[in-house]
Amino acid sequence: MSQQAAAAPLRLGLLGSPNSGKTTLFNALTGLRARVGNYPGVTVERREGQTRVGDRRVVVIDLPGTYSLSPISPDEAVVAEVLAGHVADVPPPDALAITADACTLDRSLLLVAQALRLGLPACLVVTMVDELRARGGELDLERLSAALGIPVVGVVGHRGIGIGRLRALLGDPQGWSRPAILPPAEHAELGGWVESVLGAVQHQRPGRSRLTDAVDQVVLHPIAGTLLFASVMVLFFQLIFAWATPAMDAIDAGVGWLATRVHAGLGPGIVTDFLADGIIAGVGSVVIFLPQILLLFTVLYVLEDLGYMARAAFVVDRAMGRIGLEGRAFVALLSSYACAVPGIMATRSIPSPRNRLVTILVAPLMTCSARLPVYALLIAAFVPAERVWGPVGLQGLVLLGLYVLGASAALAVAAVLKRTLLRGEDLPFYLELPPYRLPPVRLVMSQVWGAASAFLRRAGTIILAVSIVLWALLTFPRVETPPDLSPPEAARMQLEQSLAGRIGHAVEPAIAPLGFDWKIGVGLVASLAAREVIVATLAQIYAVGSENGTSLRDAVRADPVFTPATVAALLVFFVFALQCMSTLAIMRRETNSWRWPLFAFGYLLAVAYAASFATHRVVSALG
Amino acid sequence: MYRPSCLADLPRDTPAIVEGVEASGPLADRLLDLGFLPGTPVRMVRRAPLGDPCVYEVRGTRLCLRRTEAERVRVRPADSAEGTA
């Protein structure tokens, strides 16, 4: 081998079915340094990581999980095309590491058979060998290697067991043994081939996971399971609302302290105002909600990695089927509770393109965490903190009601879309229920960190940019105020004369039927960039319009425009309206056109206005 | 005696053997690739709260299929002789 060939990196493809431990193996090999992007032209996640074996670079390609190389979904199509070398800019792998869960080796061998027929150097990585032993199973890996004709390594990915041997193997894929006879291509002969391989390896099949069976007795029980599902959801909301409060108060105090220090250190002036009221206040109002977001993503990922998400999808599949979707759409919609952006990305697991599009179009109706700042502000300011029953408070119930309203609207719109615009034949439905597994803490932490840093990047880029533009809109043009005016009055006059004030006044006639005034108008216009921006905007409006040191909550509470009817109408407006640039951008990316994001924006704005108007009328009449 | 002929009609916890998949194209391939190969032992282990879908145990995994898909998998009782069902 020449010097240059030795220096070229080895491209190793990780191939395996969902739940086969592929991602844990990827993390164990590459140490979490993954480059994440998209495959060209399609919306399927592409993850590549690097490692080094001896002095050779190894590029590890984490292929999407698949049960078969005959694709029926976009994800699976990518696997087949990458392996065939048909994807531009993605050279095909030089070798394959096929992952197979030791406990489901029987089924996994069907994918192994297809992969071996590709003719690439391949090794089999048998994962979760500890669980196999715990469940009384036995597997002779040497005989398995002899029966398949390829190297076989047993690993426990999250403990690093077997990873050393796998790395040693990666030094020389060209030297790997190849099967003397390829597995049969015909399904009719495959069953016999699997039996002969399993017969040769003295395979003692593992017993059922007792834990999984015992837990499923409850989780999948018609009554107990449904009740559990409902309780998990209620607990979920109570948890993110109540537990995050101490951390949020601490961040609030920190941001206030920083702004005071800036004012004290720099003295009065436009630069000080810009730093304290533009940058620090704007970003601070968003960062404060990080504790809630961390909690929410932690709960979502733990439920998914535990194996509960698949059960939830199973329990609700029939209900989702009635509206023309499937259980997996539920998982994408539940993820949209955190943020519509990952939720829309999670629709990639839905094989049917039509069902996927419907799910994408209704995902923004699920109450994302960006609405939480708005809900939290209005609820904390206007809903009394009364206990209703035990630990359940009125504020939590109002929040739950908003979540339920959004979810019901999503299901209703999906049902309408499936019967009108997006009618048609559905793809086959199937879903694997993996055994319950305690997710490794590191895996959950890395997933949560990925989600939180994505939120922070949004806060740091879009929201900072919008904050600066807004600060400028609120500050310019400067006006001469009469000297006999008190400072708060002068500031208010300055604000009303500013560009933002003029925009707010211009839209006021359109939003007056909802009970909104020009200040809410400025917030709504600004929140078209991202929902949580309205909080930063109101913070700026009231910081400008009132004395320093008054918290935003007290400021809005003191403003007579926030009547019960207006607060209710504003909450309802936020349930429906698609005020999020990031969501529109991801919709554009996931549907490859501006048509669907514009459609979603238009229909949601119309619904938001109508529902908000109706709410204002009803609450006014009641009050 | 009641003799179920397709997966969808299989009573709970009654062992059966897959005889074949009656479908064409991608659906047939996918059911086979998920493990429903002729001769494979299979068992219905649970029905969803609303009656559909069902969880089936096949080749050491638990798979959930809707009635429409499960109707395509032909089965015979596990105790009957091969080919007589």
# chains A, B, ... in the order shown; residues from 1 in each chain; ligands from 1
>>> residues_around(residues="region 33-36 of chain B", least_positions_apart="4", cutoff="7 Å", atoms="only C-alpha atoms", output="MDAnalysis selection string")
(chainID A and resid 67:68 107 110) or (chainID B and resid 18 29 40 58:59)
>>> select_by_dssp(residues="chain B", states="strand (DSSP E)", output="VMD selection string")
chain B and resid 16 to 21 41 to 47 54 to 58 61 to 65 73 to 77
>>> write_last_selection(atoms="N, CA, C and O atoms", output="compact mmCIF listing (two decimals), in the first residue's frame")
# COMPACT_ATOMS: atom_id res chain seq x y z
N ALA B 16 -48.86 -19.38 16.93
CA ALA B 16 -49.18 -19.67 15.54
C ALA B 16 -47.89 -19.64 14.72
O ALA B 16 -46.84 -19.23 15.22
N ILE B 17 -47.99 -20.13 13.50
CA ILE B 17 -46.84 -20.15 12.59
C ILE B 17 -47.22 -19.36 11.35
O ILE B 17 -48.32 -19.51 10.82
N VAL B 18 -46.29 -18.52 10.89
CA VAL B 18 -46.54 -17.75 9.66
C VAL B 18 -46.50 -18.70 8.47
O VAL B 18 -45.59 -19.52 8.34
N GLU B 19 -47.53 -18.61 7.62
CA GLU B 19 -47.52 -19.42 6.40
C GLU B 19 -47.05 -18.61 5.20
O GLU B 19 -46.41 -19.15 4.30
N GLY B 20 -47.40 -17.36 5.21
CA GLY B 20 -46.96 -16.53 4.08
C GLY B 20 -47.53 -15.14 4.19
O GLY B 20 -48.36 -14.88 5.06
N VAL B 21 -47.07 -14.27 3.32
CA VAL B 21 -47.56 -12.91 3.30
C VAL B 21 -48.35 -12.71 2.02
O VAL B 21 -47.84 -12.96 0.93
N PRO B 41 -42.55 -18.69 14.13
CA PRO B 41 -43.55 -18.69 15.20
C PRO B 41 -43.94 -17.25 15.54
O PRO B 41 -43.10 -16.35 15.54
N VAL B 42 -45.22 -17.04 15.82
CA VAL B 42 -45.70 -15.69 16.10
C VAL B 42 -46.83 -15.78 17.13
O VAL B 42 -47.49 -16.81 17.26
N ARG B 43 -47.01 -14.69 17.88
CA ARG B 43 -47.98 -14.69 18.97
C ARG B 43 -48.50 -13.26 19.12
O ARG B 43 -47.73 -12.31 19.04
N MET B 44 -49.81 -13.13 19.33
CA MET B 44 -50.35 -11.80 19.62
C MET B 44 -50.29 -11.62 21.13
O MET B 44 -50.81 -12.45 21.87
N VAL B 45 -49.62 -10.57 21.59
CA VAL B 45 -49.45 -10.42 23.04
C VAL B 45 -50.32 -9.32 23.64
O VAL B 45 -50.58 -9.35 24.84
N ARG B 46 -50.75 -8.39 22.86
CA ARG B 46 -51.56 -7.33 23.47
C ARG B 46 -52.30 -6.51 22.41
O ARG B 46 -51.81 -6.32 21.30
N ARG B 47 -53.47 -6.08 22.80
CA ARG B 47 -54.28 -5.21 21.95
C ARG B 47 -54.23 -3.82 22.54
O ARG B 47 -54.23 -3.67 23.77
N CYS B 54 -52.29 -4.05 17.36
CA CYS B 54 -51.93 -5.12 18.28
C CYS B 54 -50.41 -5.27 18.31
O CYS B 54 -49.73 -4.92 17.35
N VAL B 55 -49.92 -5.79 19.44
CA VAL B 55 -48.49 -6.10 19.54
C VAL B 55 -48.30 -7.58 19.27
O VAL B 55 -49.01 -8.42 19.84
N TYR B 56 -47.39 -7.90 18.38
CA TYR B 56 -47.07 -9.28 18.05
C TYR B 56 -45.64 -9.58 18.44
O TYR B 56 -44.77 -8.72 18.28
N GLU B 57 -45.42 -10.79 18.94
CA GLU B 57 -44.05 -11.21 19.24
C GLU B 57 -43.57 -12.03 18.07
O GLU B 57 -44.21 -13.03 17.69
N VAL B 58 -42.47 -11.58 17.47
CA VAL B 58 -41.93 -12.30 16.31
C VAL B 58 -40.41 -12.19 16.34
O VAL B 58 -39.86 -11.10 16.52
N THR B 61 -38.66 -9.99 18.91
CA THR B 61 -38.99 -8.58 19.03
C THR B 61 -40.49 -8.43 19.23
O THR B 61 -41.25 -9.37 18.98
N ARG B 62 -40.89 -7.25 19.69
CA ARG B 62 -42.32 -6.96 19.81
C ARG B 62 -42.66 -5.86 18.82
O ARG B 62 -42.11 -4.76 18.89
N LEU B 63 -43.53 -6.22 17.89
CA LEU B 63 -43.89 -5.29 16.82
C LEU B 63 -45.36 -4.98 16.91
O LEU B 63 -46.17 -5.86 17.19
N CYS B 64 -45.67 -3.73 16.61
CA CYS B 64 -47.05 -3.31 16.67
C CYS B 64 -47.51 -3.09 15.24
O CYS B 64 -46.86 -2.41 14.45
N LEU B 65 -48.61 -3.79 14.86
CA LEU B 65 -49.17 -3.68 13.51
C LEU B 65 -50.64 -3.32 13.62
O LEU B 65 -51.32 -3.74 14.54
N VAL B 73 -50.91 -11.18 6.75
CA VAL B 73 -50.01 -12.27 7.15
C VAL B 73 -50.86 -13.52 7.43
O VAL B 73 -51.68 -13.52 8.34
N ARG B 74 -50.67 -14.55 6.60
CA ARG B 74 -51.42 -15.80 6.76
C ARG B 74 -50.74 -16.64 7.83
O ARG B 74 -49.51 -16.78 7.83
N VAL B 75 -51.52 -17.19 8.76
CA VAL B 75 -50.94 -18.02 9.83
C VAL B 75 -51.75 -19.30 9.98
O VAL B 75 -52.88 -19.41 9.50
N ARG B 76 -51.11 -20.30 10.64
CA ARG B 76 -51.84 -21.51 11.05
C ARG B 76 -51.51 -21.77 12.51
O ARG B 76 -50.47 -21.31 12.99
N PRO B 77 -52.38 -22.50 13.21
CA PRO B 77 -52.10 -22.79 14.61
C PRO B 77 -50.78 -23.53 14.74
O PRO B 77 -50.44 -24.35 13.87
>>> interface_residues(of="chain A", to="chain B", cutoff="8 Å", atoms="only C-alpha atoms", output="VMD selection string")
chain A and resid 67 to 68 70 72 103 to 107 110 to 111 187 to 188 190 to 191 220 to 223 226 314 to 315 317 to 319 427 to 434
>>> write_last_selection(atoms="N, CA and C atoms", output="compact mmCIF listing (two decimals), in the first residue's frame")
# COMPACT_ATOMS: atom_id res chain seq x y z
N TYR A 67 -34.75 -1.17 8.91
CA TYR A 67 -34.97 -2.61 9.05
C TYR A 67 -34.64 -3.35 7.76
N SER A 68 -34.42 -2.58 6.69
CA SER A 68 -34.32 -3.23 5.39
C SER A 68 -33.56 -2.32 4.43
N SER A 70 -34.47 -2.40 1.28
CA SER A 70 -35.48 -2.03 0.28
C SER A 70 -36.29 -0.90 0.90
N ILE A 72 -38.75 2.17 2.09
CA ILE A 72 -40.10 2.70 1.87
C ILE A 72 -40.23 4.12 2.41
N CYS A 103 -30.14 -9.38 21.80
CA CYS A 103 -31.42 -9.97 22.22
C CYS A 103 -32.38 -10.16 21.06
N THR A 104 -32.14 -9.50 19.94
CA THR A 104 -33.02 -9.66 18.79
C THR A 104 -32.21 -10.08 17.57
N LEU A 105 -31.18 -10.93 17.83
CA LEU A 105 -30.27 -11.36 16.76
C LEU A 105 -31.04 -12.03 15.62
N ASP A 106 -32.05 -12.83 16.01
CA ASP A 106 -32.87 -13.55 15.06
C ASP A 106 -33.36 -12.62 13.94
N ARG A 107 -34.04 -11.54 14.34
CA ARG A 107 -34.56 -10.60 13.35
C ARG A 107 -33.44 -9.80 12.68
N LEU A 110 -31.68 -10.70 9.37
CA LEU A 110 -32.30 -10.45 8.06
C LEU A 110 -31.65 -9.23 7.40
N LEU A 111 -31.33 -8.21 8.21
CA LEU A 111 -30.64 -7.03 7.67
C LEU A 111 -29.18 -7.38 7.37
N HIS A 187 -36.55 -14.16 -0.10
CA HIS A 187 -37.15 -14.29 1.23
C HIS A 187 -37.48 -15.74 1.55
N ALA A 188 -37.85 -16.51 0.52
CA ALA A 188 -38.27 -17.88 0.75
C ALA A 188 -37.14 -18.70 1.38
N LEU A 190 -34.51 -17.26 3.11
CA LEU A 190 -33.86 -16.55 4.22
C LEU A 190 -34.13 -17.19 5.58
N GLY A 191 -35.38 -17.65 5.77
CA GLY A 191 -35.74 -18.25 7.05
C GLY A 191 -34.80 -19.42 7.36
N LEU A 220 -49.32 -0.70 29.20
CA LEU A 220 -50.16 -0.99 28.04
C LEU A 220 -51.56 -1.45 28.43
N HIS A 221 -51.85 -1.47 29.73
CA HIS A 221 -53.18 -1.88 30.18
C HIS A 221 -54.21 -0.85 29.72
N PRO A 222 -55.36 -1.32 29.22
CA PRO A 222 -56.34 -0.38 28.65
C PRO A 222 -56.69 0.77 29.60
N ILE A 223 -56.93 0.46 30.88
CA ILE A 223 -57.33 1.52 31.81
C ILE A 223 -56.12 2.13 32.51
N THR A 226 -53.88 4.12 30.14
CA THR A 226 -54.44 5.40 29.72
C THR A 226 -54.36 6.41 30.87
N PHE A 314 -48.13 3.59 20.64
CA PHE A 314 -49.00 2.41 20.51
C PHE A 314 -50.37 2.70 21.12
N VAL A 315 -50.37 3.30 22.32
CA VAL A 315 -51.62 3.56 23.03
C VAL A 315 -52.50 4.54 22.24
N ASP A 317 -52.27 5.23 18.90
CA ASP A 317 -52.28 5.06 17.44
C ASP A 317 -53.70 5.07 16.87
N ARG A 318 -54.62 4.39 17.56
CA ARG A 318 -55.98 4.32 17.03
C ARG A 318 -56.61 5.71 16.94
N ALA A 319 -56.39 6.49 18.02
CA ALA A 319 -56.93 7.85 18.04
C ALA A 319 -56.32 8.68 16.92
N LEU A 427 -49.10 4.49 3.64
CA LEU A 427 -48.07 3.45 3.66
C LEU A 427 -48.33 2.50 4.82
N PRO A 428 -47.77 1.28 4.76
CA PRO A 428 -47.96 0.36 5.87
C PRO A 428 -47.45 0.94 7.19
N PHE A 429 -48.13 0.58 8.29
CA PHE A 429 -47.76 1.06 9.61
C PHE A 429 -47.17 -0.07 10.43
N TYR A 430 -46.02 0.18 11.06
CA TYR A 430 -45.47 -0.77 12.01
C TYR A 430 -44.61 0.00 12.98
N LEU A 431 -44.43 -0.55 14.17
CA LEU A 431 -43.72 0.15 15.24
C LEU A 431 -43.14 -0.90 16.17
N GLU A 432 -41.86 -0.79 16.48
CA GLU A 432 -41.25 -1.75 17.39
C GLU A 432 -41.34 -1.22 18.83
N LEU A 433 -41.68 -2.10 19.77
CA LEU A 433 -41.67 -1.73 21.19
C LEU A 433 -40.38 -2.29 21.79
N PRO A 434 -39.36 -1.46 21.95
CA PRO A 434 -38.09 -1.97 22.47
C PRO A 434 -38.23 -2.30 23.95
>>> atom_distance(atom1="CA of Ala340 (chain A)", atom2="CA of Val374 (chain A)")
16.1 Å
>>> residues_around(residues="Ile520 (chain A)", least_positions_apart="6", cutoff="9 Å", atoms="only C-alpha atoms", output="PyMOL selection string")
chain A and resi 504+508+511+534+538+570
>>> write_last_selection(atoms="C-alpha atoms", output="mmCIF file, in the first residue's frame")
data_model
loop_
_atom_site.group_PDB
_atom_site.id
_atom_site.type_symbol
_atom_site.label_atom_id
_atom_site.label_comp_id
_atom_site.auth_asym_id
_atom_site.auth_seq_id
_atom_site.Cartn_x
_atom_site.Cartn_y
_atom_site.Cartn_z
ATOM 1 C CA GLY A 504 -47.907 50.036 16.917
ATOM 2 C CA GLU A 508 -53.892 49.452 16.406
ATOM 3 C CA ILE A 511 -56.086 44.709 16.579
ATOM 4 C CA ILE A 534 -42.734 39.890 22.684
ATOM 5 C CA LEU A 538 -42.576 44.532 26.447
ATOM 6 C CA LEU A 570 -53.729 37.560 23.875
#
>>> select_by_dssp(residues="region 68-312 of chain A", states="helix (DSSP H, G or I)", output="ChimeraX atom specification")
/A:74-83,102-116,129-134,141-148,157-159,163-169,173-175,187-200,210-219,222-242,245-266,270-287,290-306,308-312
>>> closest_residue(among="A:Arg354, A:Leu148, A:Asp172, A:Thr591", to="Gly424 (chain A)", atoms="only C-alpha atoms")
A:Arg354
>>> residues_around(residues="Ala313 (chain A)", least_positions_apart="5", cutoff="8 Å", atoms="only C-alpha atoms", output="list in words")
Glu326, Gly327, Arg328, Phe330 and Val331 of chain A
>>> residues_around(residues="Leu422 (chain A)", least_positions_apart="5", cutoff="10 Å", atoms="only C-alpha atoms", output="list of chain:residue names")
A:Arg354, A:Asn355, A:Leu357, A:Val358, A:Ala414, A:Ala415, A:Val416, A:Leu417
>>> residues_around(residues="Gly207 (chain A)", least_positions_apart="4", cutoff="8 Å", atoms="only C-alpha atoms", output="ChimeraX atom specification")
/A:135-137
>>> residues_around(residues="Ala146 (chain A)", least_positions_apart="3", cutoff="12 Å", atoms="only C-alpha atoms", output="PDB file with N, CA and C atoms, in the first residue's frame")
ATOM      1  N   CYS A 123     -18.137  -6.031   9.270  1.00  0.00           N
ATOM      2  CA  CYS A 123     -18.034  -6.757  10.522  1.00  0.00           C
ATOM      3  C   CYS A 123     -19.356  -6.595  11.255  1.00  0.00           C
ATOM      4  N   LEU A 124     -19.631  -7.532  12.155  1.00  0.00           N
ATOM      5  CA  LEU A 124     -20.876  -7.471  12.907  1.00  0.00           C
ATOM      6  C   LEU A 124     -20.564  -7.055  14.334  1.00  0.00           C
ATOM      7  N   ASP A 140     -22.361 -17.759  21.120  1.00  0.00           N
ATOM      8  CA  ASP A 140     -20.946 -18.017  20.886  1.00  0.00           C
ATOM      9  C   ASP A 140     -20.506 -17.131  19.722  1.00  0.00           C
ATOM     10  N   LEU A 141     -19.813 -16.020  20.053  1.00  0.00           N
ATOM     11  CA  LEU A 141     -19.481 -15.037  19.022  1.00  0.00           C
ATOM     12  C   LEU A 141     -18.488 -15.587  18.006  1.00  0.00           C
ATOM     13  N   GLU A 142     -17.573 -16.498  18.473  1.00  0.00           N
ATOM     14  CA  GLU A 142     -16.602 -17.073  17.530  1.00  0.00           C
ATOM     15  C   GLU A 142     -17.305 -17.928  16.487  1.00  0.00           C
ATOM     16  N   ARG A 143     -18.266 -18.723  16.957  1.00  0.00           N
ATOM     17  CA  ARG A 143     -19.003 -19.559  16.007  1.00  0.00           C
ATOM     18  C   ARG A 143     -19.875 -18.704  15.089  1.00  0.00           C
ATOM     19  N   GLY A 149     -18.928 -15.753   8.327  1.00  0.00           N
ATOM     20  CA  GLY A 149     -17.742 -15.527   7.506  1.00  0.00           C
ATOM     21  C   GLY A 149     -17.185 -14.127   7.647  1.00  0.00           C
ATOM     22  N   ILE A 150     -17.618 -13.364   8.668  1.00  0.00           N
ATOM     23  CA  ILE A 150     -17.094 -12.007   8.890  1.00  0.00           C
ATOM     24  C   ILE A 150     -16.708 -11.861  10.355  1.00  0.00           C
ATOM     25  N   PRO A 151     -15.822 -10.886  10.672  1.00  0.00           N
ATOM     26  CA  PRO A 151     -15.466 -10.673  12.085  1.00  0.00           C
ATOM     27  C   PRO A 151     -16.696 -10.267  12.903  1.00  0.00           C
ATOM     28  N   VAL A 152     -16.747 -10.720  14.167  1.00  0.00           N
ATOM     29  CA  VAL A 152     -17.853 -10.386  15.054  1.00  0.00           C
ATOM     30  C   VAL A 152     -17.273  -9.886  16.379  1.00  0.00           C
ATOM     31  N   SER A 177     -12.186 -11.131   7.080  1.00  0.00           N
ATOM     32  CA  SER A 177     -12.665 -12.307   6.362  1.00  0.00           C
ATOM     33  C   SER A 177     -13.979 -11.964   5.660  1.00  0.00           C
ATOM     34  N   ARG A 178     -14.196 -12.614   4.521  1.00  0.00           N
ATOM     35  CA  ARG A 178     -15.429 -12.387   3.755  1.00  0.00           C
ATOM     36  C   ARG A 178     -16.211 -13.694   3.726  1.00  0.00           C
ATOM     37  N   PRO A 179     -17.543 -13.604   3.589  1.00  0.00           N
ATOM     38  CA  PRO A 179     -18.315 -14.857   3.550  1.00  0.00           C
ATOM     39  C   PRO A 179     -17.954 -15.693   2.323  1.00  0.00           C
ATOM     40  N   ALA A 180     -17.790 -17.004   2.520  1.00  0.00           N
ATOM     41  CA  ALA A 180     -17.467 -17.892   1.406  1.00  0.00           C
ATOM     42  C   ALA A 180     -18.669 -17.994   0.475  1.00  0.00           C
ATOM     43  N   ILE A 181     -19.852 -18.089   1.056  1.00  0.00           N
ATOM     44  CA  ILE A 181     -21.088 -18.138   0.267  1.00  0.00           C
ATOM     45  C   ILE A 181     -21.988 -17.015   0.772  1.00  0.00           C
ATOM     46  N   VAL A 197     -27.718 -20.435  10.689  1.00  0.00           N
ATOM     47  CA  VAL A 197     -26.724 -19.628  11.405  1.00  0.00           C
ATOM     48  C   VAL A 197     -26.958 -19.744  12.908  1.00  0.00           C
ATOM     49  N   LEU A 198     -28.212 -19.563  13.329  1.00  0.00           N
ATOM     50  CA  LEU A 198     -28.516 -19.620  14.757  1.00  0.00           C
ATOM     51  C   LEU A 198     -28.218 -21.002  15.324  1.00  0.00           C
ATOM     52  N   ALA A 200     -25.895 -22.976  14.416  1.00  0.00           N
ATOM     53  CA  ALA A 200     -24.451 -23.198  14.499  1.00  0.00           C
ATOM     54  C   ALA A 200     -23.810 -22.463  15.681  1.00  0.00           C
ATOM     55  N   VAL A 201     -24.505 -21.469  16.254  1.00  0.00           N
ATOM     56  CA  VAL A 201     -23.841 -20.655  17.274  1.00  0.00           C
ATOM     57  C   VAL A 201     -24.266 -21.032  18.693  1.00  0.00           C
TER      58      VAL A 201
END
>>> atom_distance(atom1="CA of Asp130 (chain A)", atom2="CA of Ser209 (chain A)")
12.5 Å
>>> closest_residue(among="A:Cys580, A:Leu63, A:Leu25, A:Ile350", to="Gly154 (chain A)", atoms="only C-alpha atoms")
A:Leu25
